[in-house]
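Please read the structure below before turning to the comments.
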Amino acid sequence: MKSSPKDRAAQLLGEAVGHHVENRLAQAQAGYRAVLDVAPDHAEALGMLALILTDGPDLAEAEGVVQRLVALRPDDSASQLCLGRLRMRQGDDAAAVEVLRRVAAERSDLPPVFNELGVGLHRLGRTDEALEALDRALALNPAYQVARGNRGMVLFDAGRFEEAADTLVAALASGDPALGNARTSLLTTLVRAAIRAGRLPQAEAVARAQLAAGHTDTETREQLARILDALHRRAEAVELRNDIARWAGVQRTGPLRSPAETVAVLAAVGAGHVPTRYLIDPDRFSTLFVGLLSPDQPDAPWGGRHVGDLADAGSVFSTLGDIHRDVGQLAQATQVCAQLGKPVINPPAGIARTGRDHAATLFAGVPGLIVPQARPTSPAQLAGLAIEAPVLVRPPGDHGGENLMRLTNSAERDAYLANAPEEQLLLTPFHDFRSPDGAWRKYRLIFVDRKVWPFHLAIGEDWLLHYWRAEMARSPWKLEEEERFLDDWRGVFGPKAAAAADEVARRLDLDYGGMDCALTANGDLLLFEANATILLHLDEPASAAPAKHRHVPPIRDAFTQLILERAQG
């Protein structure tokens with residue numbers, strides 16, 4: 001006897017849920033659609049399909065499915081949870097939090113509601129409330145490792161590095177498959193927390209346990225290499241990265257496109273690189289990524305690959321961007337670019353002039369520009385130096401302020417040396433760049449083909465200033481000031497400082513680069529750094545950073561145009 005539509009729907013739903021439980025999402029999605037073909041108003045199938053779609057790329061379809069679900073069951077907590085998750089994916093975190101708070105008030109027994117609420121509050125910069133929500137999720141279900149991982153991320157952003165490390169270690173050690181793609185971001189954050197909290201041996205143990213559990217992806221191995229770097233076990237880190245490069249080969253992303261729309265992205269083991277995650281538009285370009293082996297390897301630079309593997313590309317983007325990390329990679333990349341015979345974006349030879357200790361010479365005589373003279377030193381030389389005025393000390397290839405220290409007296413110097421710093425250091429006079437209101441401001445400008453674009457302004461209460469440390473999202477007045485900067489950076493800088501920035505871009509003479517700087521009380525520009533490794537991204541949701549969503553995409557558009565023009569000759 002032929003089964004009824006209701007029985008057929010139940011059978012299909014059971015099969016789809018089975019696929020969903022095993023994380024076979026494509027099959028689960030097809031199964032839920034099959035249920036809806038039989039029973040268009042099947043609420044459970046709509047809800048399960050909505051859960052998949054709200055994590056996928058087609059948010060327009062997700063919106064349609066969620067709205068059907070909400071119309072069918074407007075007061076159902078599962079429907080509202082899907083709506084809240086969708087609003088978060090759409091970047092409207094305020095609306096998401098409003099929905100999720102209503103659900104939490106009605107269903108205080110559902111851990112996923114408090115987890116999603118915690119994520120939304122975190123993205124709005126409301127740290128204490130985010131932690132309260134995530135703690136509630138864990139109180140309801142102590143085995144809810146997704147919530148534990150999110151809690152670790154919030155603690156890290158709050159600067160509570162010891163607690164963040166403890167929490168992230170516990171989440172990763174659980175081996176919970178529900179962590180899914182979030183596992184690598186949790187490991188990355190754990191490494192960052194471990195560096196700041198002095199917990200590197202523990203982080204190494206966690207990374208090796210991840211590898212032993214079968215997580216042998218490139219990102220997991222790269223995080224282990226980063227730990228080894230921080231532990232000064234450089235030879236092991238280089239060996240691991242060479243193995244990664246050999247294993248990876250030439251990696252293609254995107255569909256087959258014309259040569260002009262295909263970019264060979266050149267990296268090298270041990271080098272410091274231009275961050276390309278946002279810079280190269282995946283909707284316009286396919287990439288052929290290759291990591292050259294370190295020059296000391298017998299099969300360097302290709303490691304079994306050859307020039308022909310990059311024949312489809314119309315241009316080469318050399319992402320080697322830090323002269324201080326160079327031990328032969330730039331010369332190697334120069335030879336490879338010559339072999340390829342294609343237009344090169346950021347030719348390796350141009351990087352040699354961009355070291356921090358070369359900046360005072362490169363930008364000498366620029367009106368309205370202050371360039372503190374950085375000079376190489378060693379721990380032994382630093383030990384004999386009298387600290388008569390504040391100085392900054394860091395390893396030459398350091399970025400992100402992870403190993404940057406300000407020394408104001410001999411006691412601080414001795415404490416710094418007691419922690420066994422790198423054998424090579426850079427020493428730079430410290431300039432007090434506080435604004436008249438007592439806050440510290442650091443501006444970031446991006447250079448595309450020697451043209452200046454504003455990217456962000458960080459305003460903080462401490463001299464060690466980075467955007468993530470400044471908690472910009474928590475301060476409407478800071479965001480308003482940043483928006484004024486993005487809308488009219490030349491007006492904010494004034495003619496003298498704006499002209500100085502233009503000249504820095506011209507003299508740096510890179511296809512892609514940027515600078516971090518501050519404005520002094522008399523309107524001069526104080527240079528922190530200018531090089532190719534400046535990060536461009538658009539990670540903030542549109543609801544939290546609408547000004548960035550107006551101003552950052554045109555920077556990528558300009559870089560897109562540069563690639564096309566170079567490839568077409």
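Scheme for the structure tokens: letters A, B, ... for chains in order shown; per-chain residue numbers from 1; ligand numbers from 1 in order shown.
The shell of residues at most 7 Å from segment 335-342 of chain A, with only C-alpha atoms counted and near chain neighbours (fewer than 5 positions) removed, consists of A:Val307, A:Gly314, A:Ser315, A:Val316.
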| field | 12 Å contact set for Ala267 of chain A, only C-alpha atoms, chain neighbours under 2 positions out, as a PyMOL selection string | value | chain A and resi 241-242+245+249-251+264-265+269-276+288-294+301-302+316-322+329-330+332-334+336-337+348
Any chance you can output those residues with C-alpha atoms as an mmCIF file, in the first residue's frame?
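Result went into out27.cif, see below:
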data_model
loop_
_atom_site.group_PDB
_atom_site.id
_atom_site.type_symbol
_atom_site.label_atom_id
_atom_site.label_comp_id
_atom_site.auth_asym_id
_atom_site.auth_seq_id
_atom_site.Cartn_x
_atom_site.Cartn_y
_atom_site.Cartn_z
ATOM 1 C CA ARG A 241 56.639 25.140 7.507
ATOM 2 C CA ASN A 242 58.747 23.579 4.768
ATOM 3 C CA ALA A 245 54.661 24.012 1.781
ATOM 4 C CA GLY A 249 51.780 22.268 -3.440
ATOM 5 C CA VAL A 250 50.069 24.843 -5.622
ATOM 6 C CA GLN A 251 46.646 25.653 -4.156
ATOM 7 C CA ALA A 264 49.718 33.730 -8.744
ATOM 8 C CA VAL A 265 50.200 34.537 -5.059
ATOM 9 C CA VAL A 269 58.696 29.837 4.208
ATOM 10 C CA GLY A 270 60.015 32.048 6.992
ATOM 11 C CA ALA A 271 59.085 35.323 5.336
ATOM 12 C CA GLY A 272 56.815 38.065 6.669
ATOM 13 C CA HIS A 273 53.843 38.457 4.358
ATOM 14 C CA VAL A 274 51.249 40.901 3.097
ATOM 15 C CA PRO A 275 47.877 39.814 4.563
ATOM 16 C CA THR A 276 45.734 38.925 1.525
ATOM 17 C CA LEU A 288 47.223 30.039 -7.519
ATOM 18 C CA PHE A 289 48.979 30.098 -4.156
ATOM 19 C CA VAL A 290 52.502 28.723 -3.762
ATOM 20 C CA GLY A 291 54.828 28.818 -0.763
ATOM 21 C CA LEU A 292 58.492 28.684 -1.761
ATOM 22 C CA LEU A 293 60.692 26.522 0.434
ATOM 23 C CA SER A 294 63.341 28.199 2.578
ATOM 24 C CA PRO A 301 62.510 26.886 -3.991
ATOM 25 C CA TRP A 302 59.891 24.769 -5.753
ATOM 26 C CA VAL A 316 52.119 37.553 -9.820
ATOM 27 C CA PHE A 317 51.523 39.097 -6.405
ATOM 28 C CA SER A 318 54.683 38.726 -4.336
ATOM 29 C CA THR A 319 53.454 38.862 -0.753
ATOM 30 C CA LEU A 320 56.917 38.832 0.856
ATOM 31 C CA GLY A 321 56.696 42.089 2.750
ATOM 32 C CA ASP A 322 59.122 42.250 5.691
ATOM 33 C CA GLN A 329 63.646 34.580 0.532
ATOM 34 C CA LEU A 330 63.490 37.933 -1.284
ATOM 35 C CA GLN A 332 64.756 33.662 -4.179
ATOM 36 C CA ALA A 333 61.409 35.299 -4.990
ATOM 37 C CA THR A 334 63.112 37.724 -7.378
ATOM 38 C CA VAL A 336 61.166 33.014 -9.392
ATOM 39 C CA CYS A 337 59.402 36.155 -10.661
ATOM 40 C CA PRO A 348 60.561 41.756 -4.061
#
| Residues within 12 Å of segment 162-179 of chain A, only C-alpha atoms, excluding chain neighbours under 6 positions, as a ChimeraX atom specification | /A:20-23,131,134-135,138,142-156,185-215,220
| message | Need the shell around Leu53 of chain A: protein/DNA/RNA residues with any atom at most 9 Å away, counting only C-alpha atoms. Skip same-chain ones fewer than 5 positions apart. Format as a ChimeraX atom specification? | response | /A:29,48,58-59,61-63,65,86
| said: Report as an NGL selection string all protein, DNA and RNA residues lying within 9 Å of segment 538-545 of chain A, evaluated on only C-alpha atoms, omitting residues in the same chain fewer than 2 positions from it. | reply: :A and (88-94 or 123-124 or 278 or 473 or 479 or 483 or 536 or 547-549 or 552-553)
Take the residues just selected and output them with N, CA, C and O atoms as a compact mmCIF listing (two decimals), in the first residue's frame.
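File written: out_26.txt
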# COMPACT_ATOMS: atom_id res chain seq x y z
N MET A 88 22.07 38.14 12.94
CA MET A 88 23.49 38.24 13.26
C MET A 88 24.34 38.04 12.00
O MET A 88 25.29 38.76 11.76
N ARG A 89 23.98 37.04 11.20
CA ARG A 89 24.70 36.79 9.97
C ARG A 89 24.59 37.97 9.00
O ARG A 89 25.50 38.25 8.22
N GLN A 90 23.46 38.66 9.06
CA GLN A 90 23.26 39.82 8.19
C GLN A 90 23.97 41.07 8.71
O GLN A 90 23.93 42.10 8.06
N GLY A 91 24.61 40.95 9.86
CA GLY A 91 25.34 42.07 10.42
C GLY A 91 24.53 42.99 11.30
O GLY A 91 25.05 43.98 11.80
N ASP A 92 23.27 42.67 11.53
CA ASP A 92 22.42 43.51 12.38
C ASP A 92 22.41 42.92 13.79
O ASP A 92 21.43 42.31 14.23
N ASP A 93 23.51 43.10 14.50
CA ASP A 93 23.67 42.48 15.81
C ASP A 93 22.70 43.05 16.84
O ASP A 93 22.25 42.33 17.73
N ALA A 94 22.38 44.33 16.73
CA ALA A 94 21.44 44.92 17.68
C ALA A 94 20.06 44.26 17.55
O ALA A 94 19.43 43.93 18.55
N ARG A 123 29.87 40.88 19.89
CA ARG A 123 30.09 41.66 18.67
C ARG A 123 29.68 43.11 18.83
O ARG A 123 30.17 43.99 18.13
N LEU A 124 28.79 43.37 19.78
CA LEU A 124 28.42 44.75 20.07
C LEU A 124 29.36 45.40 21.08
O LEU A 124 29.16 46.55 21.47
N TYR A 278 41.50 39.55 2.81
CA TYR A 278 40.45 40.42 2.29
C TYR A 278 40.87 41.11 0.99
O TYR A 278 40.04 41.43 0.15
N ALA A 473 34.21 49.49 19.43
CA ALA A 473 32.77 49.22 19.29
C ALA A 473 31.99 49.58 20.55
O ALA A 473 30.77 49.75 20.49
N LEU A 479 33.62 55.84 17.61
CA LEU A 479 33.19 55.46 16.27
C LEU A 479 32.79 56.69 15.45
O LEU A 479 33.06 56.75 14.25
N GLU A 483 34.51 57.80 12.03
CA GLU A 483 33.73 58.06 10.82
C GLU A 483 34.12 59.40 10.20
O GLU A 483 34.23 59.52 8.97
N LEU A 536 44.67 44.91 5.93
CA LEU A 536 43.39 45.46 5.51
C LEU A 536 42.34 44.37 5.70
O LEU A 536 42.55 43.22 5.30
N ALA A 547 30.53 52.99 8.68
CA ALA A 547 31.48 53.84 7.94
C ALA A 547 32.53 52.99 7.24
O ALA A 547 32.91 53.27 6.10
N LYS A 548 33.01 51.95 7.92
CA LYS A 548 33.99 51.08 7.27
C LYS A 548 33.39 50.37 6.06
O LYS A 548 34.07 50.14 5.06
N HIS A 549 32.14 50.00 6.18
CA HIS A 549 31.51 49.30 5.06
C HIS A 549 31.25 50.24 3.88
O HIS A 549 30.97 49.77 2.78
N VAL A 552 35.92 50.87 3.10
CA VAL A 552 36.91 49.82 2.88
C VAL A 552 36.74 49.11 1.54
O VAL A 552 37.74 48.86 0.84
N PRO A 553 35.51 48.76 1.11
CA PRO A 553 35.39 48.10 -0.19
C PRO A 553 36.02 48.86 -1.35
O PRO A 553 36.62 48.23 -2.24
| helix (DSSP H, G or I) residues, from DSSP on the backbone, in segment 273-492 of chain A, as a PyMOL selection string | chain A and resi 307-310+323-325+329-340+348-353+356-362+379-383+410-418+467-470+472-474+476-487+489-492
| message | When DSSP is applied to the backbone of this structure, which of segment 238-405 of chain A are assigned strand (DSSP E or B)? Write them out as a PyMOL selection string. | response | chain A and resi 251-253+262-268+273+286-292+315-318+320+344-345+369-370+375-377+391-394+405
Do you know which residues are at most 9 Å from Ala383 of chain A counting only C-alpha atoms, after dropping those on the same chain fewer than 5 positions away, and could you put them as a PDB file with N, CA and C atoms, in the first residue's frame?
ATOM      1  N   SER A 378      71.506  44.722  20.502  1.00  0.00           N
ATOM      2  CA  SER A 378      71.468  43.353  21.017  1.00  0.00           C
ATOM      3  C   SER A 378      71.208  43.420  22.518  1.00  0.00           C
ATOM      4  N   SER A 410      66.332  52.006  34.160  1.00  0.00           N
ATOM      5  CA  SER A 410      67.215  50.842  34.147  1.00  0.00           C
ATOM      6  C   SER A 410      66.559  49.606  34.752  1.00  0.00           C
ATOM      7  N   ARG A 413      64.538  48.043  32.113  1.00  0.00           N
ATOM      8  CA  ARG A 413      65.456  47.415  31.157  1.00  0.00           C
ATOM      9  C   ARG A 413      65.923  46.063  31.675  1.00  0.00           C
ATOM     10  N   ASP A 414      66.327  46.022  32.929  1.00  0.00           N
ATOM     11  CA  ASP A 414      66.841  44.770  33.493  1.00  0.00           C
ATOM     12  C   ASP A 414      65.754  43.696  33.551  1.00  0.00           C
ATOM     13  N   LEU A 417      65.369  42.315  30.044  1.00  0.00           N
ATOM     14  CA  LEU A 417      66.475  41.428  29.679  1.00  0.00           C
ATOM     15  C   LEU A 417      66.406  40.102  30.430  1.00  0.00           C
TER      16      LEU A 417
END
| Quick one, how far is atom CA of Ala225 of chain A from atom CA of Ile345 of chain A? | 27.7 Å
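If only C-alpha atoms are the atoms counted, then among A:Thr533, A:Gly328, A:Asp462, A:Ala311 the closest residue to Asp296 of chain A is A:Gly328.
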